[in-house]
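*Asks:* Below is one structure. I have some questions about it.
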Amino acid sequence: MFATMSEEGGLRAPERHPVRWEEAEYTDRAGLEKEAARVFDVCHGCRRCFNLCAAFPLLFDAVDETPGGEVGELGREVAWKVAEQCYLCDLCFMTKCPYVPPHPFALDFPKLMLRLKATRFREEGLRARDRLLTATDAVGRLLGVPVVAPAVNALARNRTARRALEAVAGVAREEPLPPYAPRSFRTRRRRTPKIPPRAVAGERTRGRVALFVTCYANRNEPEIAQDLVRVFEHNGIAVDLVPEEICCGMPRFEHGDLETVAEHARRNLPVLARLVDEGYELTAPVPSCVLMFRRELPLLLPDDPLAAKVAAAFRDPFEYLMLRARDGLLSKDFKVPLGEVVYHAPCHQRVQNIGPRTREFLELIPGTRVRAIERCSGHDGTYAVRRETHPHAVAIGRPVFAAVREAPEAVVTSDCPMAGRHIAWGGGHAPAVHPLRLAAVAYGLVPPAGLHPSPSSPAEPPCAP
């Protein structure tokens, strides 16, 4: 993260301001368009973020195509088109922009894009395709049952079915879709009696964690949550499930549906806050969900003490494990070397400013060589899945795809399972393996079978990228 110059002339860390989305001025068109013009003028003069995503090139090209090359000559529709290309990864704010608060310019480009998205949502709502893609709880309940999931997974890999889905619903036919498990993680957990391990507390961790499973780990890849439990319990960390949870809200957040985000938060936060009061720390296996509770909800609900309490208790899984390492409590009885690993650091983890904790953990494993990639994969929630933005997602991910092509024998991994799937597909590589599975393999908790599959086995693309 950059330091930025304050009005007083000293260097200070960047600051985020609360998002006052419930105030009438937030979606006032005149004020919003004035603020967009101000921000765009600064961005046009700087252009430091030209290579981050499709939003900035679209803006800069639009300015360059005006007669005088000035932001003031832009049509009113440009701001909305730019917002459509922003998937709120926050990398411009966190890693590139020198004008973020407390700088007098006080730029927060992602939050401006969120404001534009929220205004568009209030005026037009969501199209049917986007309502379906963001209804993770409802869709998971419908498709994640034993008699339905196998058929849905087969159709997701069928070229004819995917062409029809693209034509009818606008879901990109090339992009691999996540599978649905016939039994959710919560169902599996209920049916697997266990003796809870004794919690081992340290100076920086309590050794007692409540797991927010997430929609994805519950319904799509339950093995990720199971591997988290295995690895944590192996390290003397007692793991209990959050007794009741719904979607963290990130899918709707990315479309500006802040009312639904707040509604979900007001159901999740009391449950999580009670767990914190009972002595639990919190974690989740998907970076976007951790980010939602840790960064976004406190900005959206700045006056809610529960949001602040939950945010302070939330940790990324590998951040938690490396805190254990600082206390001398991390088990290092690794039994299986991993060989060459290409590790992708997801945007939603990087912007939490926790450092490269997953990479550091993997580098502790003897016989393991880690090559880290800190570039956007281009997947970013529904961005890669939507037909109209899929080509941009592929273009953004090309440097990452190229990196995995250079290491055909390596294991490809990413903390974001959706990014991992997208990267392996785009790079024509064998399927990605989640870092929690790599940790479980290294500890000897699960067999290493299939860890280094043949590079000729692509990551289930229905069509070539």
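Chain lettering (A, B, ...) mirrors the order of the structure tokens, residue numbering begins at 1 for each chain separately, and ligand numbering begins at 1 in order of display.
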Please tabulate, as CSV, the residues of region 108-215 of chain A that come within 12 Å of region 44-63 of chain A, each with its closest pair of atoms and the distance in Å to one decimal, counting only C-alpha atoms and ordering rows by chain, then residue number upward.

*Replies:*
residue,atom,partner,partner_atom,distance
A:Phe109,CA,A:Phe56,CA,10.3
A:Pro110,CA,A:Ala55,CA,10.5
A:Met113,CA,A:Ala55,CA,9.8

*Asks:* Which neighbours of region 150-163 of chain A fall inside 12 Å, counting only C-alpha atoms, when residues of the same chain fewer than 4 positions from it are skipped, and could you give them as JSON, numbers by chain?

*Replies:* {"A": [139, 140, 142, 143, 144, 145, 146, 167, 168, 169, 170, 171, 172, 173, 174, 175, 176, 177, 178, 179, 180, 181, 182, 183, 220, 385, 387, 459, 460, 461, 462, 463, 464]}

*Asks:* Output the selection as a compact mmCIF listing (two decimals), in the first residue's frame - C-alpha atoms for each residue.

*Replies:*
# COMPACT_ATOMS: atom_id res chain seq x y z
CA VAL A 139 -29.52 -21.52 -6.27
CA GLY A 140 -27.35 -23.66 -4.01
CA LEU A 142 -32.02 -25.89 -5.55
CA LEU A 143 -29.06 -27.36 -7.42
CA GLY A 144 -27.05 -28.83 -4.55
CA VAL A 145 -29.19 -31.90 -3.90
CA PRO A 146 -28.22 -35.51 -4.75
CA ALA A 167 -28.13 -17.45 -25.90
CA VAL A 168 -30.94 -17.47 -23.37
CA ALA A 169 -29.30 -16.11 -20.20
CA GLY A 170 -26.09 -14.39 -21.32
CA VAL A 171 -23.78 -16.77 -19.41
CA ALA A 172 -20.47 -17.05 -21.30
CA ARG A 173 -20.27 -20.52 -22.79
CA GLU A 174 -16.47 -20.78 -22.60
CA GLU A 175 -16.09 -20.00 -18.90
CA PRO A 176 -16.01 -23.10 -16.65
CA LEU A 177 -18.71 -23.03 -14.01
CA PRO A 178 -18.18 -24.32 -10.46
CA PRO A 179 -19.65 -27.76 -9.71
CA TYR A 180 -22.43 -28.40 -7.23
CA ALA A 181 -21.82 -31.00 -4.57
CA PRO A 182 -24.63 -33.51 -3.92
CA ARG A 183 -24.08 -33.06 -0.18
CA ASN A 220 -19.79 -26.05 -4.55
CA VAL A 385 -19.21 -15.45 -16.34
CA ARG A 387 -21.15 -12.91 -21.82
CA ALA A 459 -9.40 -27.72 -16.21
CA GLU A 460 -12.76 -28.83 -17.66
CA PRO A 461 -13.30 -26.09 -20.26
CA PRO A 462 -16.52 -26.66 -22.24
CA CYS A 463 -14.87 -24.85 -25.14
CA ALA A 464 -11.33 -23.68 -25.85

*Asks:* List every residue of region 299-441 of chain A that DSSP, applied to the backbone of this structure, places in helix (DSSP H, G or I), and write the result as an MDAnalysis selection string.

*Replies:* chainID A and resid 299:300 305:313 317:326 347:350 357:363 390:405 417:426 435:441

*Asks:* Near region 328-333 of chain A, counting only C-alpha atoms, which residues have an atom at most 7 Å away, once you skip same-chain residues fewer than 6 positions from it, shown as a VMD selection string?

*Replies:* chain A and resid 235 321 443

*Asks:* Can those selected residues be exported to a file as a compact mmCIF listing (two decimals), in the first residue's frame so that it contains C-alpha atoms?

*Replies:*
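File produced: part.txt:
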# COMPACT_ATOMS: atom_id res chain seq x y z
CA ASN A 235 -2.55 -27.17 14.69
CA LEU A 321 -1.97 -19.97 10.77
CA TYR A 443 0.74 -32.65 6.70

*Asks:* Given only C-alpha atoms as the basis, pick out the residue of A:Pro317, A:Pro408, A:Pro346, A:Pro305 nearest to Asp90 (chain A).

*Replies:*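 When distances to Asp90 (chain A) are compared using only C-alpha atoms, the smallest one comes from A:Pro346.
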
*Asks:* Residues of region 135-277 of chain A in strand (DSSP E or B) according to DSSP, as a list in words?

*Replies:*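 Everything in region 135-277 of chain A that counts as strand (DSSP E or B) is Val171, Arg208, Val209, Ala210, Leu211, Ala238, Val239, Asp240 and Leu241 of chain A.
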
*Asks:* Those residues with C-alpha atoms, as a PDB file, in the first residue's frame please?

*Replies:*
ATOM      1  CA  VAL A 171     -23.778 -16.774 -19.410  1.00  0.00           C
ATOM      2  CA  ARG A 208     -10.855 -21.310  19.032  1.00  0.00           C
ATOM      3  CA  VAL A 209     -12.398 -20.462  15.671  1.00  0.00           C
ATOM      4  CA  ALA A 210     -15.938 -20.241  14.325  1.00  0.00           C
ATOM      5  CA  LEU A 211     -16.035 -21.105  10.624  1.00  0.00           C
ATOM      6  CA  ALA A 238     -10.756 -25.916  17.816  1.00  0.00           C
ATOM      7  CA  VAL A 239     -13.166 -25.318  14.921  1.00  0.00           C
ATOM      8  CA  ASP A 240     -16.920 -24.937  15.288  1.00  0.00           C
ATOM      9  CA  LEU A 241     -19.369 -23.924  12.590  1.00  0.00           C
TER      10      LEU A 241
END

*Asks:* Identify, on the basis of only C-alpha atoms, every residue whose closest approach to Asn218 (chain A) does not exceed 7 Å; exclude the query and any residue fewer than 5 positions from it along the same chain; express the result as a list in words.

*Replies:*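 Non-adjacent residues within range: Ser184, Phe185, Arg186 and Val213 of chain A.
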